[in-house]
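Pasted below: input.cif, mmCIF, N, CA and C atoms.
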```
data_my_file
#
loop_
_atom_site.group_PDB
_atom_site.id
_atom_site.type_symbol
_atom_site.label_atom_id
_atom_site.label_comp_id
_atom_site.auth_asym_id
_atom_site.auth_seq_id
_atom_site.Cartn_x
_atom_site.Cartn_y
_atom_site.Cartn_z
ATOM 1 N N MET A 15 92.057 72.036 61.141
ATOM 2 C CA MET A 15 93.337 71.993 61.807
ATOM 3 C C MET A 15 93.802 70.539 61.893
ATOM 4 N N PRO A 16 94.970 70.240 61.359
ATOM 5 C CA PRO A 16 95.452 68.858 61.399
ATOM 6 C C PRO A 16 95.792 68.422 62.828
ATOM 7 N N LEU A 17 95.600 67.154 63.071
ATOM 8 C CA LEU A 17 95.875 66.597 64.393
ATOM 9 C C LEU A 17 97.354 66.272 64.529
ATOM 10 N N SER A 18 97.876 66.436 65.737
ATOM 11 C CA SER A 18 99.270 66.088 65.992
ATOM 12 C C SER A 18 99.390 64.570 66.151
ATOM 13 N N THR A 19 100.603 64.094 66.121
ATOM 14 C CA THR A 19 100.856 62.662 66.308
ATOM 15 C C THR A 19 100.376 62.210 67.682
ATOM 16 N N GLN A 20 100.574 63.052 68.689
ATOM 17 C CA GLN A 20 100.124 62.719 70.046
ATOM 18 C C GLN A 20 98.600 62.597 70.105
ATOM 19 N N ASP A 21 97.911 63.512 69.424
ATOM 20 C CA ASP A 21 96.445 63.459 69.398
ATOM 21 C C ASP A 21 95.954 62.186 68.719
ATOM 22 N N ILE A 22 96.575 61.833 67.609
ATOM 23 C CA ILE A 22 96.181 60.623 66.878
ATOM 24 C C ILE A 22 96.402 59.385 67.734
ATOM 25 N N LYS A 23 97.521 59.323 68.441
ATOM 26 C CA LYS A 23 97.792 58.181 69.319
ATOM 27 C C LYS A 23 96.743 58.079 70.421
ATOM 28 N N ARG A 24 96.382 59.228 71.006
ATOM 29 C CA ARG A 24 95.381 59.233 72.074
ATOM 30 C C ARG A 24 94.023 58.787 71.539
ATOM 31 N N LEU A 25 93.652 59.266 70.355
ATOM 32 C CA LEU A 25 92.370 58.880 69.758
ATOM 33 C C LEU A 25 92.355 57.396 69.394
ATOM 34 N N ARG A 26 93.475 56.877 68.927
ATOM 35 C CA ARG A 26 93.544 55.444 68.623
ATOM 36 C C ARG A 26 93.398 54.615 69.889
ATOM 37 N N ARG A 27 94.005 55.078 70.992
ATOM 38 C CA ARG A 27 93.866 54.375 72.274
ATOM 39 C C ARG A 27 92.410 54.355 72.724
ATOM 40 N N ILE A 28 91.745 55.489 72.620
ATOM 41 C CA ILE A 28 90.338 55.571 73.020
ATOM 42 C C ILE A 28 89.479 54.700 72.108
ATOM 43 N N GLY A 29 89.735 54.754 70.810
ATOM 44 C CA GLY A 29 88.923 54.036 69.837
ATOM 45 C C GLY A 29 89.124 52.539 69.814
ATOM 46 N N HIS A 30 90.199 52.065 70.429
ATOM 47 C CA HIS A 30 90.506 50.632 70.383
ATOM 48 C C HIS A 30 89.363 49.775 70.923
ATOM 49 N N HIS A 31 88.732 50.196 72.000
ATOM 50 C CA HIS A 31 87.699 49.381 72.647
ATOM 51 C C HIS A 31 86.281 49.724 72.208
ATOM 52 N N LEU A 32 86.142 50.679 71.292
ATOM 53 C CA LEU A 32 84.806 51.044 70.825
ATOM 54 C C LEU A 32 84.261 49.994 69.863
ATOM 55 N N LYS A 33 82.967 49.884 69.829
ATOM 56 C CA LYS A 33 82.286 49.008 68.866
ATOM 57 C C LYS A 33 81.780 49.877 67.716
ATOM 58 N N PRO A 34 81.656 49.313 66.512
ATOM 59 C CA PRO A 34 81.123 50.104 65.390
ATOM 60 C C PRO A 34 79.694 50.570 65.678
ATOM 61 N N VAL A 35 79.447 51.859 65.442
ATOM 62 C CA VAL A 35 78.107 52.405 65.666
ATOM 63 C C VAL A 35 77.327 52.516 64.360
ATOM 64 N N LEU A 36 78.011 52.417 63.236
ATOM 65 C CA LEU A 36 77.360 52.437 61.925
ATOM 66 C C LEU A 36 77.930 51.315 61.070
ATOM 67 N N ILE A 37 77.077 50.729 60.254
ATOM 68 C CA ILE A 37 77.512 49.694 59.315
ATOM 69 C C ILE A 37 77.107 50.135 57.921
ATOM 70 N N PHE A 38 78.112 50.338 57.074
ATOM 71 C CA PHE A 38 77.870 50.742 55.693
ATOM 72 C C PHE A 38 77.637 49.481 54.883
ATOM 73 N N GLY A 39 76.442 49.348 54.318
ATOM 74 C CA GLY A 39 76.083 48.129 53.598
ATOM 75 C C GLY A 39 75.916 48.346 52.118
ATOM 76 N N ASP A 40 75.076 47.520 51.522
ATOM 77 C CA ASP A 40 74.898 47.518 50.073
ATOM 78 C C ASP A 40 73.942 48.599 49.578
ATOM 79 N N LYS A 41 73.328 49.366 50.480
ATOM 80 C CA LYS A 41 72.395 50.415 50.048
ATOM 81 C C LYS A 41 73.112 51.686 49.611
ATOM 82 N N GLY A 42 74.400 51.743 49.823
ATOM 83 C CA GLY A 42 75.174 52.885 49.360
ATOM 84 C C GLY A 42 75.140 54.060 50.317
ATOM 85 N N LEU A 43 75.707 55.154 49.850
ATOM 86 C CA LEU A 43 75.836 56.359 50.657
ATOM 87 C C LEU A 43 74.598 57.231 50.472
ATOM 88 N N SER A 44 73.529 56.858 51.139
ATOM 89 C CA SER A 44 72.258 57.580 51.013
ATOM 90 C C SER A 44 72.267 58.823 51.906
ATOM 91 N N ASP A 45 71.297 59.680 51.684
ATOM 92 C CA ASP A 45 71.159 60.880 52.509
ATOM 93 C C ASP A 45 70.895 60.515 53.967
ATOM 94 N N ASN A 46 70.125 59.464 54.185
ATOM 95 C CA ASN A 46 69.839 59.020 55.553
ATOM 96 C C ASN A 46 71.101 58.543 56.257
ATOM 97 N N PHE A 47 71.966 57.838 55.529
ATOM 98 C CA PHE A 47 73.205 57.357 56.132
ATOM 99 C C PHE A 47 74.104 58.535 56.497
ATOM 100 N N VAL A 48 74.204 59.510 55.612
ATOM 101 C CA VAL A 48 75.031 60.694 55.883
ATOM 102 C C VAL A 48 74.476 61.473 57.073
ATOM 103 N N GLU A 49 73.158 61.579 57.153
ATOM 104 C CA GLU A 49 72.525 62.261 58.284
ATOM 105 C C GLU A 49 72.830 61.532 59.592
ATOM 106 N N GLU A 50 72.742 60.213 59.571
ATOM 107 C CA GLU A 50 73.045 59.412 60.761
ATOM 108 C C GLU A 50 74.529 59.523 61.127
ATOM 109 N N LEU A 51 75.392 59.526 60.124
ATOM 110 C CA LEU A 51 76.832 59.692 60.349
ATOM 111 C C LEU A 51 77.108 61.019 61.046
ATOM 112 N N ASN A 52 76.522 62.089 60.547
ATOM 113 C CA ASN A 52 76.725 63.406 61.151
ATOM 114 C C ASN A 52 76.177 63.468 62.571
ATOM 115 N N LEU A 53 75.036 62.832 62.798
ATOM 116 C CA LEU A 53 74.449 62.802 64.134
ATOM 117 C C LEU A 53 75.355 62.052 65.109
ATOM 118 N N ARG A 54 75.843 60.901 64.688
ATOM 119 C CA ARG A 54 76.723 60.103 65.561
ATOM 120 C C ARG A 54 78.039 60.825 65.838
ATOM 121 N N LEU A 55 78.602 61.488 64.820
ATOM 122 C CA LEU A 55 79.840 62.241 65.026
ATOM 123 C C LEU A 55 79.616 63.408 65.980
ATOM 124 N N GLU A 56 78.486 64.074 65.870
ATOM 125 C CA GLU A 56 78.191 65.196 66.766
ATOM 126 C C GLU A 56 77.998 64.707 68.197
ATOM 127 N N ASP A 57 77.368 63.551 68.367
ATOM 128 C CA ASP A 57 77.133 63.011 69.709
ATOM 129 C C ASP A 57 78.392 62.422 70.328
ATOM 130 N N HIS A 58 79.099 61.580 69.580
ATOM 131 C CA HIS A 58 80.190 60.783 70.142
ATOM 132 C C HIS A 58 81.583 61.307 69.812
ATOM 133 N N GLU A 59 81.729 62.130 68.808
ATOM 134 C CA GLU A 59 82.990 62.707 68.335
ATOM 135 C C GLU A 59 83.918 61.669 67.696
ATOM 136 N N LEU A 60 84.114 60.544 68.344
ATOM 137 C CA LEU A 60 84.994 59.488 67.839
ATOM 138 C C LEU A 60 84.151 58.230 67.657
ATOM 139 N N ILE A 61 84.062 57.736 66.417
ATOM 140 C CA ILE A 61 83.212 56.572 66.147
ATOM 141 C C ILE A 61 83.935 55.580 65.243
ATOM 142 N N LYS A 62 83.473 54.339 65.329
ATOM 143 C CA LYS A 62 83.917 53.306 64.397
ATOM 144 C C LYS A 62 82.792 53.045 63.408
ATOM 145 N N VAL A 63 83.180 52.872 62.146
ATOM 146 C CA VAL A 63 82.227 52.551 61.090
ATOM 147 C C VAL A 63 82.705 51.274 60.418
ATOM 148 N N LYS A 64 81.806 50.311 60.290
ATOM 149 C CA LYS A 64 82.125 49.066 59.594
ATOM 150 C C LYS A 64 81.700 49.217 58.141
ATOM 151 N N VAL A 65 82.618 48.933 57.226
ATOM 152 C CA VAL A 65 82.363 49.098 55.796
ATOM 153 C C VAL A 65 82.350 47.721 55.145
ATOM 154 N N ASN A 66 81.192 47.313 54.651
ATOM 155 C CA ASN A 66 81.066 46.035 53.953
ATOM 156 C C ASN A 66 81.235 46.280 52.460
ATOM 157 N N ALA A 67 82.426 45.993 51.962
ATOM 158 C CA ALA A 67 82.714 46.150 50.536
ATOM 159 C C ALA A 67 83.594 44.984 50.101
ATOM 160 N N GLU A 68 83.566 44.692 48.823
ATOM 161 C CA GLU A 68 84.272 43.527 48.293
ATOM 162 C C GLU A 68 85.793 43.681 48.304
ATOM 163 N N THR A 69 86.291 44.789 47.784
ATOM 164 C CA THR A 69 87.738 44.934 47.605
ATOM 165 C C THR A 69 88.290 46.050 48.483
ATOM 166 N N ARG A 70 89.607 46.050 48.617
ATOM 167 C CA ARG A 70 90.281 47.104 49.377
ATOM 168 C C ARG A 70 90.045 48.472 48.764
ATOM 169 N N ASP A 71 90.112 48.519 47.443
ATOM 170 C CA ASP A 71 89.918 49.800 46.759
ATOM 171 C C ASP A 71 88.516 50.348 47.001
ATOM 172 N N ASP A 72 87.520 49.473 46.986
ATOM 173 C CA ASP A 72 86.148 49.902 47.269
ATOM 174 C C ASP A 72 86.036 50.438 48.694
ATOM 175 N N ARG A 73 86.639 49.714 49.653
ATOM 176 C CA ARG A 73 86.603 50.159 51.049
ATOM 177 C C ARG A 73 87.297 51.502 51.208
ATOM 178 N N ALA A 74 88.445 51.659 50.559
ATOM 179 C CA ALA A 74 89.178 52.926 50.654
ATOM 180 C C ALA A 74 88.358 54.079 50.079
ATOM 181 N N ALA A 75 87.690 53.846 48.957
ATOM 182 C CA ALA A 75 86.873 54.893 48.340
ATOM 183 C C ALA A 75 85.676 55.250 49.218
ATOM 184 N N ILE A 76 85.063 54.250 49.827
ATOM 185 C CA ILE A 76 83.911 54.497 50.697
ATOM 186 C C ILE A 76 84.341 55.279 51.936
ATOM 187 N N VAL A 77 85.457 54.886 52.538
ATOM 188 C CA VAL A 77 85.947 55.592 53.724
ATOM 189 C C VAL A 77 86.292 57.037 53.373
ATOM 190 N N GLN A 78 86.899 57.248 52.217
ATOM 191 C CA GLN A 78 87.209 58.608 51.768
ATOM 192 C C GLN A 78 85.929 59.431 51.618
ATOM 193 N N ALA A 79 84.907 58.833 51.029
ATOM 194 C CA ALA A 79 83.627 59.533 50.865
ATOM 195 C C ALA A 79 82.988 59.837 52.222
ATOM 196 N N LEU A 80 83.093 58.908 53.169
ATOM 197 C CA LEU A 80 82.530 59.132 54.500
ATOM 198 C C LEU A 80 83.225 60.288 55.212
ATOM 199 N N THR A 81 84.543 60.362 55.095
ATOM 200 C CA THR A 81 85.263 61.454 55.749
ATOM 201 C C THR A 81 84.905 62.798 55.126
ATOM 202 N N GLU A 82 84.709 62.811 53.817
ATOM 203 C CA GLU A 82 84.333 64.064 53.154
ATOM 204 C C GLU A 82 82.906 64.476 53.501
ATOM 205 N N LYS A 83 81.963 63.541 53.425
ATOM 206 C CA LYS A 83 80.558 63.854 53.708
ATOM 207 C C LYS A 83 80.342 64.222 55.174
ATOM 208 N N GLY A 84 81.098 63.591 56.062
ATOM 209 C CA GLY A 84 80.943 63.855 57.489
ATOM 210 C C GLY A 84 81.869 64.930 58.015
ATOM 211 N N SER A 85 82.690 65.517 57.145
ATOM 212 C CA SER A 85 83.691 66.519 57.561
ATOM 213 C C SER A 85 84.512 65.982 58.727
ATOM 214 N N ALA A 86 84.912 64.734 58.619
ATOM 215 C CA ALA A 86 85.616 64.058 59.701
ATOM 216 C C ALA A 86 87.062 63.772 59.307
ATOM 217 N N GLU A 87 87.824 63.428 60.305
ATOM 218 C CA GLU A 87 89.223 63.069 60.123
ATOM 219 C C GLU A 87 89.335 61.546 60.269
ATOM 220 N N LEU A 88 90.010 60.910 59.325
ATOM 221 C CA LEU A 88 90.252 59.470 59.426
ATOM 222 C C LEU A 88 91.427 59.257 60.368
ATOM 223 N N ILE A 89 91.184 58.587 61.470
ATOM 224 C CA ILE A 89 92.230 58.327 62.449
ATOM 225 C C ILE A 89 92.937 57.022 62.122
ATOM 226 N N GLN A 90 92.165 56.001 61.759
ATOM 227 C CA GLN A 90 92.750 54.695 61.482
ATOM 228 C C GLN A 90 91.776 53.874 60.656
ATOM 229 N N ARG A 91 92.343 53.033 59.787
ATOM 230 C CA ARG A 91 91.516 52.088 59.033
ATOM 231 C C ARG A 91 92.235 50.754 59.039
ATOM 232 N N ILE A 92 91.575 49.767 59.612
ATOM 233 C CA ILE A 92 92.117 48.412 59.638
ATOM 234 C C ILE A 92 91.047 47.495 59.080
ATOM 235 N N GLY A 93 91.356 46.847 57.969
ATOM 236 C CA GLY A 93 90.395 45.950 57.340
ATOM 237 C C GLY A 93 89.148 46.692 56.933
ATOM 238 N N ASN A 94 88.017 46.263 57.462
ATOM 239 C CA ASN A 94 86.755 46.905 57.087
ATOM 240 C C ASN A 94 86.222 47.839 58.179
ATOM 241 N N ILE A 95 87.073 48.233 59.116
ATOM 242 C CA ILE A 95 86.688 49.136 60.197
ATOM 243 C C ILE A 95 87.456 50.449 60.061
ATOM 244 N N ALA A 96 86.715 51.559 60.089
ATOM 245 C CA ALA A 96 87.326 52.890 60.034
ATOM 246 C C ALA A 96 87.012 53.631 61.324
ATOM 247 N N LEU A 97 88.008 54.312 61.858
ATOM 248 C CA LEU A 97 87.856 55.131 63.054
ATOM 249 C C LEU A 97 87.851 56.592 62.616
ATOM 250 N N LEU A 98 86.720 57.268 62.836
ATOM 251 C CA LEU A 98 86.538 58.646 62.385
ATOM 252 C C LEU A 98 86.394 59.580 63.577
ATOM 253 N N TYR A 99 86.927 60.801 63.416
ATOM 254 C CA TYR A 99 86.866 61.801 64.484
ATOM 255 C C TYR A 99 86.439 63.150 63.926
ATOM 256 N N ARG A 100 85.534 63.783 64.644
ATOM 257 C CA ARG A 100 85.163 65.169 64.367
ATOM 258 C C ARG A 100 84.778 65.804 65.697
ATOM 259 N N PRO A 101 85.460 66.891 66.090
ATOM 260 C CA PRO A 101 85.111 67.520 67.365
ATOM 261 C C PRO A 101 83.693 68.084 67.334
ATOM 262 N N ALA A 102 82.989 67.928 68.432
ATOM 263 C CA ALA A 102 81.602 68.399 68.535
ATOM 264 C C ALA A 102 81.574 69.877 68.902
ATOM 265 N N GLN A 103 80.508 70.560 68.497
ATOM 266 C CA GLN A 103 80.327 71.966 68.869
ATOM 267 C C GLN A 103 80.115 72.084 70.383
ATOM 268 N N LYS A 104 79.214 71.250 70.920
ATOM 269 C CA LYS A 104 78.939 71.221 72.360
ATOM 270 C C LYS A 104 78.980 69.762 72.806
ATOM 271 N N PRO A 105 80.148 69.257 73.202
ATOM 272 C CA PRO A 105 80.236 67.847 73.579
ATOM 273 C C PRO A 105 79.417 67.520 74.830
ATOM 274 N N SER A 106 78.725 66.408 74.775
ATOM 275 C CA SER A 106 77.933 65.926 75.906
ATOM 276 C C SER A 106 78.798 64.993 76.752
ATOM 277 N N PRO A 107 78.918 65.251 78.057
ATOM 278 C CA PRO A 107 79.749 64.388 78.904
ATOM 279 C C PRO A 107 79.277 62.933 78.938
ATOM 280 N N LYS A 108 77.987 62.703 78.700
ATOM 281 C CA LYS A 108 77.468 61.334 78.740
ATOM 282 C C LYS A 108 77.677 60.593 77.426
ATOM 283 N N LEU A 109 77.732 61.312 76.308
ATOM 284 C CA LEU A 109 77.818 60.662 75.002
ATOM 285 C C LEU A 109 79.203 60.719 74.366
ATOM 286 N N SER A 110 79.948 61.768 74.625
ATOM 287 C CA SER A 110 81.236 61.960 73.965
ATOM 288 C C SER A 110 82.246 60.908 74.414
ATOM 289 N N ASN A 111 82.766 60.149 73.467
ATOM 290 C CA ASN A 111 83.796 59.160 73.789
ATOM 291 C C ASN A 111 85.077 59.838 74.244
ATOM 292 N N ILE A 112 85.339 61.039 73.771
ATOM 293 C CA ILE A 112 86.542 61.771 74.154
ATOM 294 C C ILE A 112 86.461 62.176 75.625
ATOM 295 N N LEU A 113 85.340 62.711 76.052
ATOM 296 C CA LEU A 113 85.187 63.133 77.446
ATOM 297 C C LEU A 113 85.073 61.942 78.394
ATOM 298 N N ARG A 114 84.406 60.895 77.962
ATOM 299 C CA ARG A 114 84.239 59.722 78.834
ATOM 300 C C ARG A 114 85.560 59.009 79.084
ATOM 301 N N TYR A 115 86.443 58.994 78.099
ATOM 302 C CA TYR A 115 87.723 58.296 78.230
ATOM 303 C C TYR A 115 88.872 59.288 78.239
ATOM 304 N N GLN A 116 88.691 60.411 78.925
ATOM 305 C CA GLN A 116 89.671 61.482 78.942
ATOM 306 C C GLN A 116 91.016 61.031 79.494
ATOM 307 N N ASN A 117 91.023 60.120 80.428
ATOM 308 C CA ASN A 117 92.263 59.692 81.072
ATOM 309 C C ASN A 117 92.950 58.539 80.359
ATOM 310 N N ALA A 118 92.426 58.126 79.220
ATOM 311 C CA ALA A 118 93.015 56.982 78.503
ATOM 312 C C ALA A 118 94.303 57.373 77.825
#
```
Could you write out this structure as structure tokens?
Amino acid sequence: MPLSTQDIKRLRRIGHHLKPVLIFGDKGLSDNFVEELNLRLEDHELIKVKVNAETRDDRAAIVQALTEKGSAELIQRIGNIALLYRPAQKPSPKLSNILRYQNA
């Protein structure tokens, strides 16, 4: 289900103060990285990922692959930081960035 403009604005507001929880480096898109990505998305719902790549095109391709592998929605990409969202099956009030910053 596509997100509305209001939802995207709210997620961008929440994500503004988050720190990257994953850093995509030179080891590529390994199975372990995808597993960690899925785990972080399930726990936090909204995460920042730092992508270390040489060119814009490389960063765009990596972010596209991350959204596909993680079944996530790209909320925003600025420079080498991508903000990804995927609703959790059972969100945890202590871990979910959406629930913790509900009033943002």
**Study point:** Near-stretch 104-117 of chain A list (10 Å; only C-alpha atoms; drop same-chain fewer than 4 positions) as a list in words
**Key:**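 Here the answer would be Arg24, Leu25, Arg27, Ile28, Gly29, Leu32, Arg54, Leu55, Glu56, Asp57, His58, Glu59, Leu60, Ile61 and Tyr99 of chain A.
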Kindly provide, as a PDB file with N, CA and C atoms, in the frame of the given file, the polymer residues lying within 7 Å of (75.1, 67.0, 56.4), counting all atoms listed in the file and using the coordinates exactly as they appear in the file.
```pdb
ATOM      1  N   VAL A  48      74.204  59.510  55.612  1.00  0.00           N
ATOM      2  CA  VAL A  48      75.031  60.694  55.883  1.00  0.00           C
ATOM      3  C   VAL A  48      74.476  61.473  57.073  1.00  0.00           C
ATOM      4  N   GLU A  49      73.158  61.579  57.153  1.00  0.00           N
ATOM      5  CA  GLU A  49      72.525  62.261  58.284  1.00  0.00           C
ATOM      6  C   GLU A  49      72.830  61.532  59.592  1.00  0.00           C
ATOM      7  N   ASN A  52      76.522  62.089  60.547  1.00  0.00           N
ATOM      8  CA  ASN A  52      76.725  63.406  61.151  1.00  0.00           C
ATOM      9  C   ASN A  52      76.177  63.468  62.571  1.00  0.00           C
ATOM     10  N   LYS A  83      81.963  63.541  53.425  1.00  0.00           N
ATOM     11  CA  LYS A  83      80.558  63.854  53.708  1.00  0.00           C
ATOM     12  C   LYS A  83      80.342  64.222  55.174  1.00  0.00           C
ATOM     13  N   GLY A  84      81.098  63.591  56.062  1.00  0.00           N
ATOM     14  CA  GLY A  84      80.943  63.855  57.489  1.00  0.00           C
ATOM     15  C   GLY A  84      81.869  64.930  58.015  1.00  0.00           C
TER      16      GLY A  84
END
```
Exercise for review: Please report, as an NGL selection string, each residue of chain A to which DSSP assigns strand (DSSP E) when run on this structure's backbone.
Suggested key: :A and (34-38 or 60-65 or 87-92 or 95-99)
Residues as selected, N, CA and C atoms, written as a PDB file, in the frame of the given file, can you do that?
```pdb
ATOM      1  N   PRO A  34      81.656  49.313  66.512  1.00  0.00           N
ATOM      2  CA  PRO A  34      81.123  50.104  65.390  1.00  0.00           C
ATOM      3  C   PRO A  34      79.694  50.570  65.678  1.00  0.00           C
ATOM      4  N   VAL A  35      79.447  51.859  65.442  1.00  0.00           N
ATOM      5  CA  VAL A  35      78.107  52.405  65.666  1.00  0.00           C
ATOM      6  C   VAL A  35      77.327  52.516  64.360  1.00  0.00           C
ATOM      7  N   LEU A  36      78.011  52.417  63.236  1.00  0.00           N
ATOM      8  CA  LEU A  36      77.360  52.437  61.925  1.00  0.00           C
ATOM      9  C   LEU A  36      77.930  51.315  61.070  1.00  0.00           C
ATOM     10  N   ILE A  37      77.077  50.729  60.254  1.00  0.00           N
ATOM     11  CA  ILE A  37      77.512  49.694  59.315  1.00  0.00           C
ATOM     12  C   ILE A  37      77.107  50.135  57.921  1.00  0.00           C
ATOM     13  N   PHE A  38      78.112  50.338  57.074  1.00  0.00           N
ATOM     14  CA  PHE A  38      77.870  50.742  55.693  1.00  0.00           C
ATOM     15  C   PHE A  38      77.637  49.481  54.883  1.00  0.00           C
ATOM     16  N   LEU A  60      84.114  60.544  68.344  1.00  0.00           N
ATOM     17  CA  LEU A  60      84.994  59.488  67.839  1.00  0.00           C
ATOM     18  C   LEU A  60      84.151  58.230  67.657  1.00  0.00           C
ATOM     19  N   ILE A  61      84.062  57.736  66.417  1.00  0.00           N
ATOM     20  CA  ILE A  61      83.212  56.572  66.147  1.00  0.00           C
ATOM     21  C   ILE A  61      83.935  55.580  65.243  1.00  0.00           C
ATOM     22  N   LYS A  62      83.473  54.339  65.329  1.00  0.00           N
ATOM     23  CA  LYS A  62      83.917  53.306  64.397  1.00  0.00           C
ATOM     24  C   LYS A  62      82.792  53.045  63.408  1.00  0.00           C
ATOM     25  N   VAL A  63      83.180  52.872  62.146  1.00  0.00           N
ATOM     26  CA  VAL A  63      82.227  52.551  61.090  1.00  0.00           C
ATOM     27  C   VAL A  63      82.705  51.274  60.418  1.00  0.00           C
ATOM     28  N   LYS A  64      81.806  50.311  60.290  1.00  0.00           N
ATOM     29  CA  LYS A  64      82.125  49.066  59.594  1.00  0.00           C
ATOM     30  C   LYS A  64      81.700  49.217  58.141  1.00  0.00           C
ATOM     31  N   VAL A  65      82.618  48.933  57.226  1.00  0.00           N
ATOM     32  CA  VAL A  65      82.363  49.098  55.796  1.00  0.00           C
ATOM     33  C   VAL A  65      82.350  47.721  55.145  1.00  0.00           C
ATOM     34  N   GLU A  87      87.824  63.428  60.305  1.00  0.00           N
ATOM     35  CA  GLU A  87      89.223  63.069  60.123  1.00  0.00           C
ATOM     36  C   GLU A  87      89.335  61.546  60.269  1.00  0.00           C
ATOM     37  N   LEU A  88      90.010  60.910  59.325  1.00  0.00           N
ATOM     38  CA  LEU A  88      90.252  59.470  59.426  1.00  0.00           C
ATOM     39  C   LEU A  88      91.427  59.257  60.368  1.00  0.00           C
ATOM     40  N   ILE A  89      91.184  58.587  61.470  1.00  0.00           N
ATOM     41  CA  ILE A  89      92.230  58.327  62.449  1.00  0.00           C
ATOM     42  C   ILE A  89      92.937  57.022  62.122  1.00  0.00           C
ATOM     43  N   GLN A  90      92.165  56.001  61.759  1.00  0.00           N
ATOM     44  CA  GLN A  90      92.750  54.695  61.482  1.00  0.00           C
ATOM     45  C   GLN A  90      91.776  53.874  60.656  1.00  0.00           C
ATOM     46  N   ARG A  91      92.343  53.033  59.787  1.00  0.00           N
ATOM     47  CA  ARG A  91      91.516  52.088  59.033  1.00  0.00           C
ATOM     48  C   ARG A  91      92.235  50.754  59.039  1.00  0.00           C
ATOM     49  N   ILE A  92      91.575  49.767  59.612  1.00  0.00           N
ATOM     50  CA  ILE A  92      92.117  48.412  59.638  1.00  0.00           C
ATOM     51  C   ILE A  92      91.047  47.495  59.080  1.00  0.00           C
ATOM     52  N   ILE A  95      87.073  48.233  59.116  1.00  0.00           N
ATOM     53  CA  ILE A  95      86.688  49.136  60.197  1.00  0.00           C
ATOM     54  C   ILE A  95      87.456  50.449  60.061  1.00  0.00           C
ATOM     55  N   ALA A  96      86.715  51.559  60.089  1.00  0.00           N
ATOM     56  CA  ALA A  96      87.326  52.890  60.034  1.00  0.00           C
ATOM     57  C   ALA A  96      87.012  53.631  61.324  1.00  0.00           C
ATOM     58  N   LEU A  97      88.008  54.312  61.858  1.00  0.00           N
ATOM     59  CA  LEU A  97      87.856  55.131  63.054  1.00  0.00           C
ATOM     60  C   LEU A  97      87.851  56.592  62.616  1.00  0.00           C
ATOM     61  N   LEU A  98      86.720  57.268  62.836  1.00  0.00           N
ATOM     62  CA  LEU A  98      86.538  58.646  62.385  1.00  0.00           C
ATOM     63  C   LEU A  98      86.394  59.580  63.577  1.00  0.00           C
ATOM     64  N   TYR A  99      86.927  60.801  63.416  1.00  0.00           N
ATOM     65  CA  TYR A  99      86.866  61.801  64.484  1.00  0.00           C
ATOM     66  C   TYR A  99      86.439  63.150  63.926  1.00  0.00           C
TER      67      TYR A  99
END
```
Review point. For A:Ala74, which residue among A:Glu87, A:Asn94, A:Leu17, A:Leu51 is the nearest when counting only C-alpha atoms?
Key: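 That would be A:Asn94, the residue with the smallest distance to A:Ala74.
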Review point. Could you spell out the hits of the PyMOL selection byres (((chain A and resi 91 and name CA) around 10) and name CA) on the shown file, as a list in words?
Key: Lys62, Val63, Lys64, Arg73, Ala74, Val77, Leu88, Ile89, Gln90, Ile92, Gly93, Asn94, Ile95, Ala96, Leu97 and Leu98 of chain A
**Study point:** Distance query A:Phe38 at most 8 Å, all atoms listed in the file, self and fewer than 2 positions along chain excluded, as a list in words
**Key:**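 Counting all atoms listed in the file, the residues come to Val35, Leu36, Asp40, Lys41, Gly42, Leu43, Val63, Lys64, Val65, Asn66 and Ala67 of chain A.
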Check your understanding: What is the atom C of A:Pro34 to atom CA of A:Ala86 distance in Å?
Key ->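 Computing the Euclidean distance for atom C of A:Pro34 and atom CA of A:Ala86 yields 15.9 Å.
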Give the padded box for stretch 56-65 of chain A as JSON: axis-aligned, covering all atoms listed in the file, 8 Å on each side, centre and edge lengths in Å to one decimal.
```
{"center_x": 81.1, "center_y": 56.5, "center_z": 62.7, "size_x": 23.9, "size_y": 33.5, "size_z": 31.2}
```
